[in-house]
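S.K.: As input, take final13.cif (mmCIF, N, CA and C atoms and all ligand atoms):
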data_input
#
loop_
_atom_site.label_atom_id
_atom_site.label_comp_id
_atom_site.auth_asym_id
_atom_site.auth_seq_id
_atom_site.Cartn_x
_atom_site.Cartn_y
_atom_site.Cartn_z
N VAL A 1 100.55 108.62 88.55
CA VAL A 1 99.70 107.86 89.47
C VAL A 1 99.45 108.70 90.71
N SER A 2 98.34 109.37 90.75
CA SER A 2 98.05 110.21 91.89
C SER A 2 96.69 109.85 92.47
N GLY A 3 96.49 110.19 93.71
CA GLY A 3 95.24 109.87 94.38
C GLY A 3 94.09 110.63 93.76
N SER A 4 92.93 110.01 93.79
CA SER A 4 91.75 110.63 93.22
C SER A 4 90.54 110.11 93.96
N VAL A 5 89.37 110.53 93.52
CA VAL A 5 88.13 110.08 94.13
C VAL A 5 87.18 109.63 93.03
N CYS A 6 86.52 108.50 93.27
CA CYS A 6 85.58 107.99 92.27
C CYS A 6 84.41 108.95 92.11
N LYS A 7 84.11 109.28 90.86
CA LYS A 7 82.99 110.17 90.61
C LYS A 7 81.66 109.49 90.90
N GLY A 8 81.66 108.16 90.88
CA GLY A 8 80.43 107.42 91.09
C GLY A 8 80.08 107.28 92.56
N CYS A 9 81.02 106.76 93.36
CA CYS A 9 80.71 106.42 94.74
C CYS A 9 81.47 107.25 95.76
N GLY A 10 82.44 108.05 95.30
CA GLY A 10 83.14 108.94 96.21
C GLY A 10 84.29 108.31 96.97
N LYS A 11 84.57 107.05 96.70
CA LYS A 11 85.67 106.40 97.40
C LYS A 11 87.02 106.82 96.82
N PRO A 12 88.05 106.82 97.66
CA PRO A 12 89.39 107.15 97.14
C PRO A 12 89.90 106.06 96.22
N ILE A 13 90.39 106.47 95.07
CA ILE A 13 90.95 105.53 94.10
C ILE A 13 92.23 106.13 93.54
N ARG A 14 92.95 105.34 92.82
CA ARG A 14 94.09 105.87 92.08
C ARG A 14 94.02 105.34 90.65
N PHE A 15 94.55 106.13 89.74
CA PHE A 15 94.57 105.71 88.35
C PHE A 15 95.97 105.26 87.97
N ALA A 16 96.02 104.18 87.21
CA ALA A 16 97.30 103.71 86.69
C ALA A 16 97.07 103.15 85.30
N LYS A 17 98.09 103.24 84.48
CA LYS A 17 97.97 102.70 83.13
C LYS A 17 98.16 101.19 83.16
N ASN A 18 97.33 100.49 82.40
CA ASN A 18 97.56 99.05 82.24
C ASN A 18 98.56 98.83 81.11
N LEU A 19 98.80 97.59 80.79
CA LEU A 19 99.83 97.29 79.79
C LEU A 19 99.47 97.85 78.42
N ALA A 20 98.19 98.07 78.19
CA ALA A 20 97.76 98.62 76.91
C ALA A 20 97.88 100.14 76.89
N GLY A 21 98.31 100.71 78.01
CA GLY A 21 98.48 102.16 78.06
C GLY A 21 97.21 102.92 78.38
N LYS A 22 96.20 102.19 78.83
CA LYS A 22 94.91 102.80 79.13
C LYS A 22 94.76 102.94 80.64
N TYR A 23 94.28 104.10 81.08
CA TYR A 23 94.12 104.33 82.51
C TYR A 23 92.95 103.52 83.06
N ILE A 24 93.20 102.87 84.18
CA ILE A 24 92.15 102.13 84.87
C ILE A 24 92.14 102.54 86.33
N PRO A 25 90.97 102.54 86.97
CA PRO A 25 90.87 102.93 88.38
C PRO A 25 91.19 101.74 89.28
N LEU A 26 91.96 102.01 90.31
CA LEU A 26 92.33 100.96 91.26
C LEU A 26 91.94 101.41 92.67
N ASP A 27 91.53 100.46 93.47
CA ASP A 27 91.17 100.77 94.85
C ASP A 27 92.38 101.12 95.67
N GLU A 28 92.25 102.20 96.45
CA GLU A 28 93.18 102.36 97.55
C GLU A 28 92.85 101.28 98.55
N ARG A 29 93.85 100.67 99.13
CA ARG A 29 93.54 99.55 100.02
C ARG A 29 94.57 99.44 101.13
N ALA A 30 94.20 98.62 102.12
CA ALA A 30 95.12 98.34 103.21
C ALA A 30 96.34 97.62 102.66
N PRO A 31 97.44 97.64 103.39
CA PRO A 31 98.64 96.96 102.91
C PRO A 31 98.38 95.50 102.56
N VAL A 32 98.95 95.07 101.45
CA VAL A 32 98.77 93.70 100.96
C VAL A 32 100.12 93.00 100.99
N TYR A 33 100.09 91.75 101.42
CA TYR A 33 101.32 90.96 101.49
C TYR A 33 101.26 89.80 100.51
N GLU A 34 102.39 89.44 100.01
CA GLU A 34 102.49 88.23 99.21
C GLU A 34 103.41 87.26 99.93
N ILE A 35 103.15 85.98 99.74
CA ILE A 35 103.97 84.95 100.37
C ILE A 35 105.13 84.63 99.45
N VAL A 36 106.32 84.76 99.97
CA VAL A 36 107.51 84.42 99.20
C VAL A 36 108.31 83.39 99.98
N LYS A 37 109.10 82.65 99.25
CA LYS A 37 109.94 81.65 99.90
C LYS A 37 111.32 82.24 100.17
N VAL A 38 111.72 82.19 101.43
CA VAL A 38 113.04 82.65 101.81
C VAL A 38 113.74 81.51 102.53
N LEU A 39 114.80 81.03 101.93
CA LEU A 39 115.54 79.92 102.51
C LEU A 39 114.62 78.74 102.78
N GLY A 40 113.71 78.48 101.82
CA GLY A 40 112.81 77.35 101.94
C GLY A 40 111.66 77.56 102.91
N GLU A 41 111.54 78.77 103.42
CA GLU A 41 110.51 79.05 104.40
C GLU A 41 109.57 80.11 103.84
N GLU A 42 108.28 79.99 104.14
CA GLU A 42 107.34 80.98 103.64
C GLU A 42 107.36 82.23 104.50
N ARG A 43 107.49 83.38 103.84
CA ARG A 43 107.50 84.66 104.54
C ARG A 43 106.50 85.58 103.87
N ALA A 44 105.88 86.42 104.68
CA ALA A 44 104.95 87.42 104.15
C ALA A 44 105.72 88.69 103.84
N GLN A 45 105.63 89.11 102.60
CA GLN A 45 106.37 90.29 102.17
C GLN A 45 105.38 91.35 101.68
N LEU A 46 105.53 92.55 102.19
CA LEU A 46 104.67 93.64 101.76
C LEU A 46 104.86 93.89 100.27
N THR A 47 103.78 94.00 99.55
CA THR A 47 103.88 94.27 98.13
C THR A 47 103.12 95.53 97.76
N GLU A 48 103.69 96.31 96.89
CA GLU A 48 103.03 97.50 96.37
C GLU A 48 102.49 97.23 94.98
N ARG A 49 102.51 95.97 94.59
CA ARG A 49 102.18 95.66 93.21
C ARG A 49 100.74 95.23 93.01
N ALA A 50 100.10 94.72 94.06
CA ALA A 50 98.78 94.13 93.89
C ALA A 50 97.69 95.14 94.25
N PHE A 51 96.84 95.41 93.28
CA PHE A 51 95.70 96.28 93.52
C PHE A 51 94.45 95.63 92.96
N VAL A 52 93.30 96.03 93.51
CA VAL A 52 92.01 95.55 93.00
C VAL A 52 91.43 96.63 92.11
N THR A 53 90.96 96.22 90.93
CA THR A 53 90.34 97.20 90.06
C THR A 53 89.07 97.75 90.71
N HIS A 54 88.89 99.04 90.63
CA HIS A 54 87.73 99.65 91.25
C HIS A 54 86.43 99.23 90.56
N PHE A 55 86.54 98.79 89.31
CA PHE A 55 85.35 98.31 88.62
C PHE A 55 84.71 97.15 89.36
N ALA A 56 85.52 96.38 90.09
CA ALA A 56 85.01 95.19 90.77
C ALA A 56 84.32 95.54 92.08
N THR A 57 84.63 96.70 92.65
CA THR A 57 84.11 97.02 93.97
C THR A 57 83.17 98.22 93.98
N CYS A 58 83.17 99.00 92.92
CA CYS A 58 82.38 100.23 92.92
C CYS A 58 80.88 99.92 92.87
N ALA A 59 80.14 100.57 93.74
CA ALA A 59 78.70 100.39 93.75
C ALA A 59 78.06 101.00 92.51
N LYS A 60 78.79 101.89 91.86
CA LYS A 60 78.27 102.58 90.68
C LYS A 60 78.98 102.11 89.41
N ALA A 61 79.52 100.92 89.44
CA ALA A 61 80.32 100.44 88.32
C ALA A 61 79.53 100.46 87.01
N ASN A 62 78.25 100.20 87.09
CA ASN A 62 77.44 100.16 85.87
C ASN A 62 77.35 101.52 85.21
N ASP A 63 77.66 102.57 85.96
CA ASP A 63 77.62 103.89 85.37
C ASP A 63 78.78 104.11 84.41
N PHE A 64 79.85 103.37 84.60
CA PHE A 64 81.04 103.58 83.79
C PHE A 64 80.93 102.90 82.44
N SER A 65 80.56 101.64 82.45
CA SER A 65 80.42 100.93 81.18
C SER A 65 79.56 99.70 81.39
N LYS A 66 78.87 99.32 80.37
CA LYS A 66 78.00 98.15 80.47
C LYS A 66 78.80 96.88 80.25
N LYS A 67 79.82 96.99 79.40
CA LYS A 67 80.61 95.81 79.08
C LYS A 67 81.95 95.85 79.80
N LYS A 68 82.36 94.70 80.29
CA LYS A 68 83.68 94.61 80.90
C LYS A 68 84.73 94.42 79.81
N GLU A 69 85.81 95.13 79.94
CA GLU A 69 86.88 94.99 78.96
C GLU A 69 87.97 94.10 79.53
N ALA A 70 88.47 93.23 78.72
CA ALA A 70 89.57 92.38 79.15
C ALA A 70 90.84 93.20 79.27
N THR A 71 91.62 92.91 80.27
CA THR A 71 92.87 93.65 80.44
C THR A 71 94.05 92.73 80.21
ZN ZN B 1 83.28 104.06 92.65
#
Let me see whether you can do it: turn the structure in this file into structure tokens.
M.R.:
Amino acid sequence: VSGSVCKGCGKPIRFAKNLAGKYIPLDERAPVYEIVKVLGEERAQLTERAFVTHFATCAKANDFSKKKEAT
């Protein structure tokens, strides 16, 4: 999982394998937090797990594929 740049729009992305073992592009993004319960109280916890697929945000997404594949 190393940093890269989208060939379509030039934005920084990273590639990671999905559960099927296929590489998918993910957006580099600002820190994301998830809400977790700690002692019955909601706390915001930084997560490194949540990414947005670049297919959803790329202005050139149609260049990659016409059909969306289920993940
Ligand atoms: Zn792009």
S.K.: List as a Markdown table every residue of chain A that is in contact with ligand ZN 1 (chain B), defined as an atom at most 9 Å from one of its atoms (using only C-alpha atoms and all ligand atoms), together with the nearest atom pair and the distance in Å rounded to one decimal, sorted by chain and then rising number.
M.R.:
| residue | atom | partner | partner_atom | distance |
| --- | --- | --- | --- | --- |
| A:Val5 | CA | B:ZN1 | ZN | 7.9 |
| A:Cys6 | CA | B:ZN1 | ZN | 4.6 |
| A:Lys7 | CA | B:ZN1 | ZN | 6.4 |
| A:Gly8 | CA | B:ZN1 | ZN | 4.7 |
| A:Cys9 | CA | B:ZN1 | ZN | 4.1 |
| A:Gly10 | CA | B:ZN1 | ZN | 6.0 |
| A:Lys11 | CA | B:ZN1 | ZN | 5.8 |
| A:Pro12 | CA | B:ZN1 | ZN | 8.2 |
| A:Ile13 | CA | B:ZN1 | ZN | 7.9 |
| A:Pro25 | CA | B:ZN1 | ZN | 8.8 |
| A:Asp27 | CA | B:ZN1 | ZN | 8.8 |
| A:His54 | CA | B:ZN1 | ZN | 6.4 |
| A:Phe55 | CA | B:ZN1 | ZN | 7.3 |
| A:Thr57 | CA | B:ZN1 | ZN | 7.2 |
| A:Cys58 | CA | B:ZN1 | ZN | 3.9 |
| A:Ala59 | CA | B:ZN1 | ZN | 6.0 |
| A:Lys60 | CA | B:ZN1 | ZN | 5.6 |
| A:Ala61 | CA | B:ZN1 | ZN | 6.4 |
S.K.: Grab the residues selected above and save them as an mmCIF file, in the coordinates of the input with N, CA and C atoms.
M.R.:
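part04.cif was written with the following content:
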data_model
loop_
_atom_site.group_PDB
_atom_site.id
_atom_site.type_symbol
_atom_site.label_atom_id
_atom_site.label_comp_id
_atom_site.auth_asym_id
_atom_site.auth_seq_id
_atom_site.Cartn_x
_atom_site.Cartn_y
_atom_site.Cartn_z
ATOM 1 N N VAL A 5 89.370 110.530 93.520
ATOM 2 C CA VAL A 5 88.130 110.080 94.130
ATOM 3 C C VAL A 5 87.180 109.630 93.030
ATOM 4 N N CYS A 6 86.520 108.500 93.270
ATOM 5 C CA CYS A 6 85.580 107.990 92.270
ATOM 6 C C CYS A 6 84.410 108.950 92.110
ATOM 7 N N LYS A 7 84.110 109.280 90.860
ATOM 8 C CA LYS A 7 82.990 110.170 90.610
ATOM 9 C C LYS A 7 81.660 109.490 90.900
ATOM 10 N N GLY A 8 81.660 108.160 90.880
ATOM 11 C CA GLY A 8 80.430 107.420 91.090
ATOM 12 C C GLY A 8 80.080 107.280 92.560
ATOM 13 N N CYS A 9 81.020 106.760 93.360
ATOM 14 C CA CYS A 9 80.710 106.420 94.740
ATOM 15 C C CYS A 9 81.470 107.250 95.760
ATOM 16 N N GLY A 10 82.440 108.050 95.300
ATOM 17 C CA GLY A 10 83.140 108.940 96.210
ATOM 18 C C GLY A 10 84.290 108.310 96.970
ATOM 19 N N LYS A 11 84.570 107.050 96.700
ATOM 20 C CA LYS A 11 85.670 106.400 97.400
ATOM 21 C C LYS A 11 87.020 106.820 96.820
ATOM 22 N N PRO A 12 88.050 106.820 97.660
ATOM 23 C CA PRO A 12 89.390 107.150 97.140
ATOM 24 C C PRO A 12 89.900 106.060 96.220
ATOM 25 N N ILE A 13 90.390 106.470 95.070
ATOM 26 C CA ILE A 13 90.950 105.530 94.100
ATOM 27 C C ILE A 13 92.230 106.130 93.540
ATOM 28 N N PRO A 25 90.970 102.540 86.970
ATOM 29 C CA PRO A 25 90.870 102.930 88.380
ATOM 30 C C PRO A 25 91.190 101.740 89.280
ATOM 31 N N ASP A 27 91.530 100.460 93.470
ATOM 32 C CA ASP A 27 91.170 100.770 94.850
ATOM 33 C C ASP A 27 92.380 101.120 95.670
ATOM 34 N N HIS A 54 88.890 99.040 90.630
ATOM 35 C CA HIS A 54 87.730 99.650 91.250
ATOM 36 C C HIS A 54 86.430 99.230 90.560
ATOM 37 N N PHE A 55 86.540 98.790 89.310
ATOM 38 C CA PHE A 55 85.350 98.310 88.620
ATOM 39 C C PHE A 55 84.710 97.150 89.360
ATOM 40 N N THR A 57 84.630 96.700 92.650
ATOM 41 C CA THR A 57 84.110 97.020 93.970
ATOM 42 C C THR A 57 83.170 98.220 93.980
ATOM 43 N N CYS A 58 83.170 99.000 92.920
ATOM 44 C CA CYS A 58 82.380 100.230 92.920
ATOM 45 C C CYS A 58 80.880 99.920 92.870
ATOM 46 N N ALA A 59 80.140 100.570 93.740
ATOM 47 C CA ALA A 59 78.700 100.390 93.750
ATOM 48 C C ALA A 59 78.060 101.000 92.510
ATOM 49 N N LYS A 60 78.790 101.890 91.860
ATOM 50 C CA LYS A 60 78.270 102.580 90.680
ATOM 51 C C LYS A 60 78.980 102.110 89.410
ATOM 52 N N ALA A 61 79.520 100.920 89.440
ATOM 53 C CA ALA A 61 80.320 100.440 88.320
ATOM 54 C C ALA A 61 79.530 100.460 87.010
#
S.K.: With a distance cut-off of 7 Å and all atoms listed in the file, select the neighbouring residues of A:Gln45, excluding the residue or stretch itself and same-chain residues fewer than 6 positions from it, and output the selection as a list in words.
M.R.: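 Here the qualifying residues turn out to be Val32, Tyr33, Glu34, Ile35 and Val36 of chain A.
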S.K.: Suppose you want the space between atom N of A:Leu19 and atom C of A:Arg49; what is it in Å?
M.R.: 12.6 Å
S.K.: Between atom CA of A:Arg14 and atom CA of A:Ala30, what distance in Å does the model show, to one decimal?
M.R.: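 Interatomic distance here is 13.5 Å.
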S.K.: As an exercise, work out the distance from atom CA of A:Thr47 to atom CA of A:Ala16 in Å and give it to one decimal place.
M.R.: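 Value for the atom CA of A:Thr47-atom CA of A:Ala16 distance: 16.2 Å.
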S.K.: Check chain A with DSSP on the backbone and list each residue it calls strand (DSSP E or B), as a ChimeraX atom specification.
M.R.: /A:3-5,12-17,23-27,32-38,41-47,53
S.K.: Here is a test: counting all atoms listed in the file, which residue of A:Ile24, A:Pro31, A:Phe15, A:Asp63 is nearest to A:Glu48?
M.R.: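 Using all atoms listed in the file, A:Glu48 sits closest to A:Pro31.
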S.K.: Restore N, CA, C and O atoms in stretch 25-46 of chain A and list the result as a PDB file, in the frame of the given file.
M.R.:
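Just written: out-v2.pdb:
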ATOM      1  N   PRO A  25      90.970 102.540  86.970  1.00  0.00           N
ATOM      2  CA  PRO A  25      90.870 102.930  88.380  1.00  0.00           C
ATOM      3  C   PRO A  25      91.190 101.740  89.280  1.00  0.00           C
ATOM      4  O   PRO A  25      90.735 100.630  89.034  1.00  0.00           O
ATOM      5  N   LEU A  26      91.960 102.010  90.310  1.00  0.00           N
ATOM      6  CA  LEU A  26      92.330 100.960  91.260  1.00  0.00           C
ATOM      7  C   LEU A  26      91.940 101.410  92.670  1.00  0.00           C
ATOM      8  O   LEU A  26      92.004 102.595  92.990  1.00  0.00           O
ATOM      9  N   ASP A  27      91.530 100.460  93.470  1.00  0.00           N
ATOM     10  CA  ASP A  27      91.170 100.770  94.850  1.00  0.00           C
ATOM     11  C   ASP A  27      92.380 101.120  95.670  1.00  0.00           C
ATOM     12  O   ASP A  27      93.405 100.435  95.627  1.00  0.00           O
ATOM     13  N   GLU A  28      92.250 102.200  96.450  1.00  0.00           N
ATOM     14  CA  GLU A  28      93.180 102.360  97.550  1.00  0.00           C
ATOM     15  C   GLU A  28      92.850 101.280  98.550  1.00  0.00           C
ATOM     16  O   GLU A  28      91.695 100.968  98.792  1.00  0.00           O
ATOM     17  N   ARG A  29      93.850 100.670  99.130  1.00  0.00           N
ATOM     18  CA  ARG A  29      93.540  99.550 100.020  1.00  0.00           C
ATOM     19  C   ARG A  29      94.570  99.440 101.130  1.00  0.00           C
ATOM     20  O   ARG A  29      95.625 100.051 101.107  1.00  0.00           O
ATOM     21  N   ALA A  30      94.200  98.620 102.120  1.00  0.00           N
ATOM     22  CA  ALA A  30      95.120  98.340 103.210  1.00  0.00           C
ATOM     23  C   ALA A  30      96.340  97.620 102.660  1.00  0.00           C
ATOM     24  O   ALA A  30      96.283  97.038 101.581  1.00  0.00           O
ATOM     25  N   PRO A  31      97.440  97.640 103.390  1.00  0.00           N
ATOM     26  CA  PRO A  31      98.640  96.960 102.910  1.00  0.00           C
ATOM     27  C   PRO A  31      98.380  95.500 102.560  1.00  0.00           C
ATOM     28  O   PRO A  31      97.649  94.808 103.254  1.00  0.00           O
ATOM     29  N   VAL A  32      98.950  95.070 101.450  1.00  0.00           N
ATOM     30  CA  VAL A  32      98.770  93.700 100.960  1.00  0.00           C
ATOM     31  C   VAL A  32     100.120  93.000 100.990  1.00  0.00           C
ATOM     32  O   VAL A  32     101.146  93.567 100.623  1.00  0.00           O
ATOM     33  N   TYR A  33     100.090  91.750 101.420  1.00  0.00           N
ATOM     34  CA  TYR A  33     101.320  90.960 101.490  1.00  0.00           C
ATOM     35  C   TYR A  33     101.260  89.800 100.510  1.00  0.00           C
ATOM     36  O   TYR A  33     100.193  89.277 100.224  1.00  0.00           O
ATOM     37  N   GLU A  34     102.390  89.440 100.010  1.00  0.00           N
ATOM     38  CA  GLU A  34     102.490  88.230  99.210  1.00  0.00           C
ATOM     39  C   GLU A  34     103.410  87.260  99.930  1.00  0.00           C
ATOM     40  O   GLU A  34     104.315  87.672 100.662  1.00  0.00           O
ATOM     41  N   ILE A  35     103.150  85.980  99.740  1.00  0.00           N
ATOM     42  CA  ILE A  35     103.970  84.950 100.370  1.00  0.00           C
ATOM     43  C   ILE A  35     105.130  84.630  99.450  1.00  0.00           C
ATOM     44  O   ILE A  35     104.939  84.284  98.289  1.00  0.00           O
ATOM     45  N   VAL A  36     106.320  84.760  99.970  1.00  0.00           N
ATOM     46  CA  VAL A  36     107.510  84.420  99.200  1.00  0.00           C
ATOM     47  C   VAL A  36     108.310  83.390  99.980  1.00  0.00           C
ATOM     48  O   VAL A  36     108.177  83.267 101.195  1.00  0.00           O
ATOM     49  N   LYS A  37     109.100  82.650  99.250  1.00  0.00           N
ATOM     50  CA  LYS A  37     109.940  81.650  99.900  1.00  0.00           C
ATOM     51  C   LYS A  37     111.320  82.240 100.170  1.00  0.00           C
ATOM     52  O   LYS A  37     111.971  82.750  99.265  1.00  0.00           O
ATOM     53  N   VAL A  38     111.720  82.190 101.430  1.00  0.00           N
ATOM     54  CA  VAL A  38     113.040  82.650 101.810  1.00  0.00           C
ATOM     55  C   VAL A  38     113.740  81.510 102.530  1.00  0.00           C
ATOM     56  O   VAL A  38     113.267  81.041 103.566  1.00  0.00           O
ATOM     57  N   LEU A  39     114.800  81.030 101.930  1.00  0.00           N
ATOM     58  CA  LEU A  39     115.540  79.920 102.510  1.00  0.00           C
ATOM     59  C   LEU A  39     114.620  78.740 102.780  1.00  0.00           C
ATOM     60  O   LEU A  39     114.671  78.087 103.818  1.00  0.00           O
ATOM     61  N   GLY A  40     113.710  78.480 101.820  1.00  0.00           N
ATOM     62  CA  GLY A  40     112.810  77.350 101.940  1.00  0.00           C
ATOM     63  C   GLY A  40     111.660  77.560 102.910  1.00  0.00           C
ATOM     64  O   GLY A  40     110.900  76.641 103.180  1.00  0.00           O
ATOM     65  N   GLU A  41     111.540  78.770 103.420  1.00  0.00           N
ATOM     66  CA  GLU A  41     110.510  79.050 104.400  1.00  0.00           C
ATOM     67  C   GLU A  41     109.570  80.110 103.840  1.00  0.00           C
ATOM     68  O   GLU A  41     110.011  81.028 103.157  1.00  0.00           O
ATOM     69  N   GLU A  42     108.280  79.990 104.140  1.00  0.00           N
ATOM     70  CA  GLU A  42     107.340  80.980 103.640  1.00  0.00           C
ATOM     71  C   GLU A  42     107.360  82.230 104.500  1.00  0.00           C
ATOM     72  O   GLU A  42     107.246  82.165 105.720  1.00  0.00           O
ATOM     73  N   ARG A  43     107.490  83.380 103.840  1.00  0.00           N
ATOM     74  CA  ARG A  43     107.500  84.660 104.540  1.00  0.00           C
ATOM     75  C   ARG A  43     106.500  85.580 103.870  1.00  0.00           C
ATOM     76  O   ARG A  43     106.314  85.548 102.657  1.00  0.00           O
ATOM     77  N   ALA A  44     105.880  86.420 104.680  1.00  0.00           N
ATOM     78  CA  ALA A  44     104.950  87.420 104.150  1.00  0.00           C
ATOM     79  C   ALA A  44     105.720  88.690 103.840  1.00  0.00           C
ATOM     80  O   ALA A  44     106.376  89.266 104.713  1.00  0.00           O
ATOM     81  N   GLN A  45     105.630  89.110 102.600  1.00  0.00           N
ATOM     82  CA  GLN A  45     106.370  90.290 102.170  1.00  0.00           C
ATOM     83  C   GLN A  45     105.380  91.350 101.680  1.00  0.00           C
ATOM     84  O   GLN A  45     104.516  91.070 100.857  1.00  0.00           O
ATOM     85  N   LEU A  46     105.530  92.550 102.190  1.00  0.00           N
ATOM     86  CA  LEU A  46     104.670  93.640 101.760  1.00  0.00           C
ATOM     87  C   LEU A  46     104.860  93.890 100.270  1.00  0.00           C
ATOM     88  O   LEU A  46     105.996  93.943  99.785  1.00  0.00           O
TER      89      LEU A  46
END
